[in-house]
$ cat entry_29.pdb   # PDB, C-alpha atoms and all ligand atoms
MODEL        1
ATOM      1  CA  MET U   1     170.884 123.928 112.021
ATOM      2  CA  ALA U   2     173.303 125.522 109.624
ATOM      3  CA  GLU U   3     172.279 123.808 106.401
ATOM      4  CA  LYS U   4     169.042 122.194 105.297
ATOM      5  CA  ARG U   5     169.325 118.597 106.315
ATOM      6  CA  ASN U   6     166.817 115.831 106.753
ATOM      7  CA  ILE U   7     165.168 114.575 109.892
ATOM      8  CA  PHE U   8     163.657 111.098 109.875
ATOM      9  CA  LEU U   9     161.261 110.099 112.650
ATOM     10  CA  VAL U  10     161.121 106.412 113.544
ATOM     11  CA  GLY U  11     159.186 104.613 116.256
ATOM     12  CA  PRO U  12     156.136 102.453 116.790
ATOM     13  CA  MET U  13     152.494 103.046 115.889
ATOM     14  CA  GLY U  14     151.040 105.646 118.224
ATOM     15  CA  ALA U  15     154.378 107.268 119.107
ATOM     16  CA  GLY U  16     153.189 110.540 117.574
ATOM     17  CA  LYS U  17     155.495 110.611 114.528
ATOM     18  CA  SER U  18     153.072 112.474 112.239
ATOM     19  CA  THR U  19     151.873 115.040 114.785
ATOM     20  CA  ILE U  20     155.350 115.757 116.135
ATOM     21  CA  GLY U  21     156.790 115.735 112.610
ATOM     22  CA  ARG U  22     154.369 118.439 111.486
ATOM     23  CA  HIS U  23     155.353 120.697 114.387
ATOM     24  CA  LEU U  24     159.029 120.055 113.802
ATOM     25  CA  ALA U  25     158.819 120.834 110.093
ATOM     26  CA  GLN U  26     156.978 124.078 110.788
ATOM     27  CA  MET U  27     159.478 125.173 113.436
ATOM     28  CA  LEU U  28     162.491 124.380 111.250
ATOM     29  CA  HIS U  29     160.961 125.590 107.960
ATOM     30  CA  LEU U  30     161.342 122.162 106.397
ATOM     31  CA  GLU U  31     158.864 120.210 104.258
ATOM     32  CA  PHE U  32     156.849 117.547 106.055
ATOM     33  CA  HIS U  33     156.258 114.108 104.536
ATOM     34  CA  ASP U  34     154.688 110.936 105.865
ATOM     35  CA  SER U  35     155.496 107.605 104.212
ATOM     36  CA  ASP U  36     151.988 106.174 104.714
ATOM     37  CA  GLN U  37     150.413 109.310 103.292
ATOM     38  CA  GLU U  38     152.755 109.154 100.300
ATOM     39  CA  ILE U  39     151.782 105.504  99.669
ATOM     40  CA  GLU U  40     148.129 106.575  99.759
ATOM     41  CA  ASN U  41     148.805 109.460  97.370
ATOM     42  CA  ARG U  42     150.572 107.187  94.903
ATOM     43  CA  THR U  43     148.056 104.339  95.012
ATOM     44  CA  GLY U  44     144.970 106.527  95.310
ATOM     45  CA  ALA U  45     143.764 104.159  98.037
ATOM     46  CA  ASP U  46     144.161 103.839 101.774
ATOM     47  CA  ILE U  47     146.664 101.666 103.667
ATOM     48  CA  ALA U  48     143.948  99.173 104.648
ATOM     49  CA  TRP U  49     143.136  98.668 100.952
ATOM     50  CA  VAL U  50     146.798  98.062 100.104
ATOM     51  CA  PHE U  51     147.047  95.434 102.876
ATOM     52  CA  ASP U  52     143.786  93.814 101.721
ATOM     53  CA  VAL U  53     144.645  93.618  98.062
ATOM     54  CA  GLU U  54     148.438  93.266  98.031
ATOM     55  CA  GLY U  55     149.069  91.826 101.496
ATOM     56  CA  GLU U  56     151.654  93.088 103.951
ATOM     57  CA  GLU U  57     154.359  91.987 101.521
ATOM     58  CA  GLY U  58     153.023  94.283  98.806
ATOM     59  CA  PHE U  59     152.721  97.128 101.281
ATOM     60  CA  ARG U  60     156.376  96.686 102.349
ATOM     61  CA  VAL U  61     157.557  96.887  98.735
ATOM     62  CA  ARG U  62     155.661 100.161  98.291
ATOM     63  CA  GLU U  63     156.994 101.456 101.611
ATOM     64  CA  ALA U  64     160.618 100.778 100.606
ATOM     65  CA  THR U  65     160.152 102.568  97.265
ATOM     66  CA  VAL U  66     158.518 105.600  98.865
ATOM     67  CA  ILE U  67     161.162 105.900 101.589
ATOM     68  CA  SER U  68     163.969 105.437  99.067
ATOM     69  CA  ASP U  69     162.518 108.282  96.962
ATOM     70  CA  LEU U  70     161.682 110.680  99.800
ATOM     71  CA  THR U  71     165.018 110.313 101.598
ATOM     72  CA  GLU U  72     166.808 111.432  98.439
ATOM     73  CA  ARG U  73     165.339 114.897  98.932
ATOM     74  CA  GLN U  74     166.916 117.691 100.967
ATOM     75  CA  GLY U  75     165.375 119.604 103.823
ATOM     76  CA  ILE U  76     162.522 117.324 104.825
ATOM     77  CA  VAL U  77     161.046 115.921 107.993
ATOM     78  CA  LEU U  78     159.814 112.386 107.278
ATOM     79  CA  ALA U  79     157.476 110.395 109.516
ATOM     80  CA  THR U  80     158.140 106.744 108.660
ATOM     81  CA  GLY U  81     155.755 103.813 109.141
ATOM     82  CA  GLY U  82     156.409 101.897 112.362
ATOM     83  CA  GLY U  83     157.433  98.711 110.546
ATOM     84  CA  SER U  84     159.793 100.289 108.049
ATOM     85  CA  VAL U  85     162.906  99.630 110.184
ATOM     86  CA  GLN U  86     162.498  95.893 109.660
ATOM     87  CA  SER U  87     163.892  96.408 106.170
ATOM     88  CA  LYS U  88     167.687  96.576 106.031
ATOM     89  CA  ASP U  89     167.508  98.685 102.874
ATOM     90  CA  ILE U  90     165.285 101.232 104.603
ATOM     91  CA  ARG U  91     167.559 101.320 107.660
ATOM     92  CA  ASN U  92     170.447 102.070 105.326
ATOM     93  CA  TYR U  93     168.605 104.895 103.524
ATOM     94  CA  LEU U  94     167.609 106.491 106.818
ATOM     95  CA  SER U  95     171.055 106.270 108.428
ATOM     96  CA  ALA U  96     172.879 107.544 105.365
ATOM     97  CA  ARG U  97     170.610 110.408 104.368
ATOM     98  CA  GLY U  98     169.611 112.266 107.509
ATOM     99  CA  ILE U  99     169.353 112.483 111.257
ATOM    100  CA  VAL U 100     167.303 109.639 112.675
ATOM    101  CA  VAL U 101     165.125 110.488 115.670
ATOM    102  CA  TYR U 102     163.555 107.631 117.617
ATOM    103  CA  LEU U 103     160.294 108.570 119.301
ATOM    104  CA  GLU U 104     160.070 106.254 122.248
ATOM    105  CA  THR U 105     156.791 105.566 124.028
ATOM    106  CA  THR U 106     155.054 103.044 126.260
ATOM    107  CA  ILE U 107     152.740 100.238 125.213
ATOM    108  CA  ASP U 108     149.971 101.851 127.325
ATOM    109  CA  LYS U 109     150.272 105.093 125.368
ATOM    110  CA  GLN U 110     150.335 103.220 122.058
ATOM    111  CA  VAL U 111     147.157 101.361 122.983
ATOM    112  CA  ALA U 112     145.450 104.575 124.086
ATOM    113  CA  ARG U 113     146.476 106.534 120.993
ATOM    114  CA  THR U 114     145.547 103.839 118.471
ATOM    115  CA  GLN U 115     142.400 102.320 119.969
ATOM    116  CA  ARG U 116     139.817 104.419 118.179
ATOM    117  CA  ASP U 117     141.752 104.383 114.941
ATOM    118  CA  LYS U 118     140.595 101.902 112.309
ATOM    119  CA  ARG U 119     143.348 102.744 109.832
ATOM    120  CA  ARG U 120     146.047 100.376 111.071
ATOM    121  CA  PRO U 121     145.428  96.894 109.635
ATOM    122  CA  LEU U 122     147.882  95.150 111.996
ATOM    123  CA  LEU U 123     145.840  96.320 114.984
ATOM    124  CA  GLN U 124     142.427  95.128 113.742
ATOM    125  CA  VAL U 125     142.589  92.100 116.052
ATOM    126  CA  ASP U 126     141.041  91.081 119.380
ATOM    127  CA  ASP U 127     144.141  91.925 121.388
ATOM    128  CA  PRO U 128     146.081  94.830 119.844
ATOM    129  CA  ARG U 129     148.188  95.137 123.016
ATOM    130  CA  GLU U 130     149.655  91.700 122.414
ATOM    131  CA  VAL U 131     150.491  92.632 118.805
ATOM    132  CA  LEU U 132     152.152  95.869 119.948
ATOM    133  CA  GLU U 133     154.186  93.991 122.576
ATOM    134  CA  ASN U 134     155.381  91.405 120.076
ATOM    135  CA  LEU U 135     156.298  94.060 117.516
ATOM    136  CA  ALA U 136     158.158  96.074 120.172
ATOM    137  CA  GLU U 137     160.339  93.093 121.000
ATOM    138  CA  VAL U 138     161.510  92.816 117.417
ATOM    139  CA  ARG U 139     161.587  96.471 116.458
ATOM    140  CA  ASN U 140     162.752  98.437 119.510
ATOM    141  CA  PRO U 141     166.349  97.199 119.131
ATOM    142  CA  LEU U 142     166.238  98.285 115.464
ATOM    143  CA  TYR U 143     164.938 101.789 116.291
ATOM    144  CA  GLU U 144     167.729 102.069 118.863
ATOM    145  CA  GLU U 145     170.345 100.786 116.440
ATOM    146  CA  ILE U 146     169.749 103.527 113.864
ATOM    147  CA  ALA U 147     168.813 106.405 116.193
ATOM    148  CA  ASP U 148     171.020 109.485 116.395
ATOM    149  CA  VAL U 149     168.626 111.054 118.891
ATOM    150  CA  VAL U 150     166.096 109.416 121.247
ATOM    151  CA  VAL U 151     163.147 111.325 122.722
ATOM    152  CA  LYS U 152     160.344 110.057 124.942
ATOM    153  CA  THR U 153     156.863 111.014 123.796
ATOM    154  CA  ASP U 154     154.647 109.554 126.501
ATOM    155  CA  GLU U 155     154.298 112.518 128.839
ATOM    156  CA  GLN U 156     154.805 115.663 126.805
ATOM    157  CA  SER U 157     152.745 117.475 124.213
ATOM    158  CA  ALA U 158     153.812 117.206 120.571
ATOM    159  CA  LYS U 159     155.111 120.791 120.606
ATOM    160  CA  VAL U 160     157.270 120.210 123.673
ATOM    161  CA  VAL U 161     158.696 117.034 122.120
ATOM    162  CA  ALA U 162     159.449 118.929 118.899
ATOM    163  CA  ASN U 163     161.369 121.525 120.923
ATOM    164  CA  GLN U 164     163.289 118.787 122.737
ATOM    165  CA  ILE U 165     164.299 117.303 119.394
ATOM    166  CA  ILE U 166     165.528 120.684 118.169
ATOM    167  CA  ASP U 167     167.645 121.064 121.337
ATOM    168  CA  LYS U 168     169.270 117.709 120.637
ATOM    169  CA  LEU U 169     170.077 118.255 116.954
TER
HETATM  170  C1  LIG U 201     152.717  99.797 110.496
HETATM  171  C2  LIG U 201     152.606 101.098 110.924
HETATM  172  C3  LIG U 201     151.746 102.077 110.260
HETATM  173  C4  LIG U 201     151.558 101.700 108.781
HETATM  174  C5  LIG U 201     151.087 100.291 108.636
HETATM  175  C6  LIG U 201     152.045  99.281 109.274
HETATM  176  C7  LIG U 201     153.593  98.879 111.253
HETATM  177  O1  LIG U 201     152.321 103.375 110.355
HETATM  178  O2  LIG U 201     152.761 101.898 108.093
HETATM  179  O3  LIG U 201     149.812 100.194 109.206
HETATM  180  O4  LIG U 201     153.982  97.830 110.728
HETATM  181  O5  LIG U 201     153.933  99.218 112.424
HETATM  182  P1  LIG U 201     152.364 104.242 111.713
HETATM  183  O6  LIG U 201     153.584 103.814 112.464
HETATM  184  O7  LIG U 201     152.462 105.638 111.231
HETATM  185  O8  LIG U 201     151.101 103.965 112.450
ENDMDL
END

$ encode --input "entry_29.pdb" --output "structure tokens" --more "lines below"
Ligand code: S3P
Amino acid sequence: MAEKRNIFLVGPMGAGKSTIGRHLAQMLHLEFHDSDQEIENRTGADIAWVFDVEGEEGFRVREATVISDLTERQGIVLATGGGSVQSKDIRNYLSARGIVVYLETTIDKQVARTQRDKRRPLLQVDDPREVLENLAEVRNPLYEEIADVVVKTDEQSAKVVANQIIDKL
């Protein structure tokens, strides 16, 4: 990459956005940010608390503000929350301000990667697979719509995926 530009990682819960994003940022000497982490930093509470107290609607407002602010920077890798692409404003920020990389994965991998994790409020249900399938139906076309680069993350290590992204930039 000639100049310092931004890379925005989109994709569903359990695609590996944060892990891959950290590797990518290190390899490219860019700053790493994570929209969920930034929401937690700003509120001083965790995502589950925000959902509990403010509802998903309140969380989405915070998410849009954080992504609007972070995408105005230069030279960052940003891991976005899996639901952020459902906002047209967020899709516009991402498309206009950097290279959008869609991390594609399978429902099986998502289930495996998220099952022991209690931090995702939308998956604290009896059948998280069904939730993930329903979300994929709505969101996968949106990830595809804004993606400049698509990489599969189901079979490779995070480092290998980060290298594949670099090859495609
Ligand atoms: C969400 C994904 C989560 C987090 C929140 C809602 C979603 O982020 O933003 O729990 O709607 O898919 P990750 O994609 O990083 O898990």

$ residues_near_ligand --input "entry_29.pdb" --ligand "ligand LIG 201 (chain U)" --cutoff "10 Å" --atoms "all atoms listed in the file" --output "CSV table (one decimal) with C-alpha atoms, in the coordinates of the input"
chain,number,residue,atom,x,y,z
U,9,LEU,CA,161.3,110.1,112.6
U,10,VAL,CA,161.1,106.4,113.5
U,11,GLY,CA,159.2,104.6,116.3
U,12,PRO,CA,156.1,102.5,116.8
U,13,MET,CA,152.5,103.0,115.9
U,14,GLY,CA,151.0,105.6,118.2
U,15,ALA,CA,154.4,107.3,119.1
U,16,GLY,CA,153.2,110.5,117.6
U,17,LYS,CA,155.5,110.6,114.5
U,18,SER,CA,153.1,112.5,112.2
U,34,ASP,CA,154.7,110.9,105.9
U,35,SER,CA,155.5,107.6,104.2
U,36,ASP,CA,152.0,106.2,104.7
U,37,GLN,CA,150.4,109.3,103.3
U,39,ILE,CA,151.8,105.5,99.7
U,47,ILE,CA,146.7,101.7,103.7
U,48,ALA,CA,143.9,99.2,104.6
U,50,VAL,CA,146.8,98.1,100.1
U,51,PHE,CA,147.0,95.4,102.9
U,56,GLU,CA,151.7,93.1,104.0
U,59,PHE,CA,152.7,97.1,101.3
U,60,ARG,CA,156.4,96.7,102.3
U,63,GLU,CA,157.0,101.5,101.6
U,79,ALA,CA,157.5,110.4,109.5
U,80,THR,CA,158.1,106.7,108.7
U,81,GLY,CA,155.8,103.8,109.1
U,82,GLY,CA,156.4,101.9,112.4
U,83,GLY,CA,157.4,98.7,110.5
U,84,SER,CA,159.8,100.3,108.0
U,85,VAL,CA,162.9,99.6,110.2
U,86,GLN,CA,162.5,95.9,109.7
U,110,GLN,CA,150.3,103.2,122.1
U,114,THR,CA,145.5,103.8,118.5
U,117,ASP,CA,141.8,104.4,114.9
U,118,LYS,CA,140.6,101.9,112.3
U,119,ARG,CA,143.3,102.7,109.8
U,120,ARG,CA,146.0,100.4,111.1
U,121,PRO,CA,145.4,96.9,109.6
U,122,LEU,CA,147.9,95.2,112.0
U,123,LEU,CA,145.8,96.3,115.0
U,131,VAL,CA,150.5,92.6,118.8
U,132,LEU,CA,152.2,95.9,119.9
U,135,LEU,CA,156.3,94.1,117.5
U,136,ALA,CA,158.2,96.1,120.2
U,139,ARG,CA,161.6,96.5,116.5

$ resolve_selection --input "entry_29.pdb" --expression "the PyMOL selection byres (((chain U and resi 148-162) around 7) and not hetatm)" --output "list in words"
Ala15, Thr19, Ile20, His23, Leu24, Ile99, Val100, Val101, Tyr102, Leu103, Glu104, Thr105, Thr106, Lys109, Ile146, Ala147, Asn163, Gln164, Ile165, Ile166 and Lys168 of chain U

$ closest_residue --input "entry_29.pdb" --among "U:Arg62, U:Ile7, U:Glu144, U:Ile67" --to "Gly98 of chain U" --atoms "all atoms listed in the file"
U:Ile7

$ atom_distance --input "entry_29.pdb" --atom1 "atom CA of Pro128 of chain U" --atom2 "atom CA of Ala112 of chain U"
10.6 Å

$ atom_distance --input "entry_29.pdb" --atom1 "atom CA of Ile76 of chain U" --atom2 "atom CA of Ala25 of chain U"
7.3 Å

$ atom_distance --input "entry_29.pdb" --atom1 "atom CA of Ile90 of chain U" --atom2 "atom CA of Glu72 of chain U"
12.0 Å

$ axis_aligned_box --input "entry_29.pdb" --around "segment 55-69 of chain U" --padding-each-side "5 Å" --output "JSON"
{"center_x": 156.5, "center_y": 100.1, "center_z": 100.5, "size_x": 24.9, "size_y": 26.5, "size_z": 17.0}

$ closest_residue --input "entry_29.pdb" --among "U:Gln26, U:Glu31, U:Thr65, U:Asp126" --to "Arg5 of chain U" --atoms "all atoms listed in the file"
U:Glu31

$ residues_near_point --input "entry_29.pdb" --point "(167.8, 109.6, 97.8)" --cutoff "12 Å" --atoms "only C-alpha atoms" --output "ChimeraX atom specification"
/U:6,64-76,90,92-98

$ build_atoms --input "entry_29.pdb" --residues "segment 112-132 of chain U" --atoms "N, CA, C and O atoms" --output "compact mmCIF listing (two decimals), in the frame of the given file"
# COMPACT_ATOMS: atom_id res chain seq x y z
N ALA U 112 146.40 103.46 123.93
CA ALA U 112 145.45 104.58 124.09
C ALA U 112 145.35 105.40 122.80
O ALA U 112 144.26 105.79 122.39
N ARG U 113 146.49 105.66 122.17
CA ARG U 113 146.48 106.53 120.99
C ARG U 113 145.93 105.85 119.74
O ARG U 113 145.54 106.52 118.79
N THR U 114 145.96 104.52 119.71
CA THR U 114 145.55 103.84 118.47
C THR U 114 144.18 103.17 118.59
O THR U 114 143.67 102.65 117.61
N GLN U 115 143.58 103.18 119.79
CA GLN U 115 142.40 102.32 119.97
C GLN U 115 141.17 102.73 119.17
O GLN U 115 140.39 101.88 118.78
N ARG U 116 141.02 104.03 118.93
CA ARG U 116 139.82 104.42 118.18
C ARG U 116 140.08 104.53 116.68
O ARG U 116 139.23 104.95 115.92
N ASP U 117 141.30 104.17 116.30
CA ASP U 117 141.75 104.38 114.94
C ASP U 117 141.62 103.09 114.14
O ASP U 117 142.20 102.07 114.50
N LYS U 118 140.84 103.14 113.09
CA LYS U 118 140.60 101.90 112.31
C LYS U 118 141.54 101.80 111.11
O LYS U 118 141.40 100.94 110.26
N ARG U 119 142.53 102.70 111.04
CA ARG U 119 143.35 102.74 109.83
C ARG U 119 144.56 101.81 109.85
O ARG U 119 145.28 101.73 108.86
N ARG U 120 144.83 101.19 111.01
CA ARG U 120 146.05 100.38 111.07
C ARG U 120 145.69 98.89 111.00
O ARG U 120 145.27 98.30 112.00
N PRO U 121 145.88 98.28 109.83
CA PRO U 121 145.43 96.89 109.64
C PRO U 121 146.02 95.92 110.65
O PRO U 121 145.33 94.99 111.06
N LEU U 122 147.26 96.11 111.08
CA LEU U 122 147.88 95.15 112.00
C LEU U 122 147.21 95.16 113.37
O LEU U 122 147.37 94.21 114.14
N LEU U 123 146.46 96.22 113.66
CA LEU U 123 145.84 96.32 114.98
C LEU U 123 144.35 95.97 114.97
O LEU U 123 143.67 96.09 115.98
N GLN U 124 143.85 95.53 113.82
CA GLN U 124 142.43 95.13 113.74
C GLN U 124 142.28 93.69 114.21
O GLN U 124 141.90 92.79 113.45
N VAL U 125 142.63 93.45 115.46
CA VAL U 125 142.59 92.10 116.05
C VAL U 125 141.95 92.22 117.43
O VAL U 125 141.74 93.32 117.93
N ASP U 126 141.68 91.05 118.06
CA ASP U 126 141.04 91.08 119.38
C ASP U 126 141.94 91.71 120.44
O ASP U 126 141.46 92.37 121.35
N ASP U 127 143.23 91.47 120.34
CA ASP U 127 144.14 91.92 121.39
C ASP U 127 145.30 92.75 120.79
O ASP U 127 146.43 92.25 120.66
N PRO U 128 145.02 94.00 120.46
CA PRO U 128 146.08 94.83 119.84
C PRO U 128 147.29 95.01 120.76
O PRO U 128 148.42 95.13 120.29
N ARG U 129 147.05 94.98 122.08
CA ARG U 129 148.19 95.14 123.02
C ARG U 129 149.23 94.04 122.80
O ARG U 129 150.43 94.30 122.78
N GLU U 130 148.73 92.82 122.60
CA GLU U 130 149.66 91.70 122.41
C GLU U 130 150.47 91.89 121.12
O GLU U 130 151.67 91.64 121.08
N VAL U 131 149.79 92.37 120.08
CA VAL U 131 150.49 92.63 118.80
C VAL U 131 151.56 93.69 119.03
O VAL U 131 152.72 93.53 118.62
N LEU U 132 151.20 94.77 119.72
CA LEU U 132 152.15 95.87 119.95
C LEU U 132 153.35 95.39 120.77
O LEU U 132 154.49 95.77 120.50
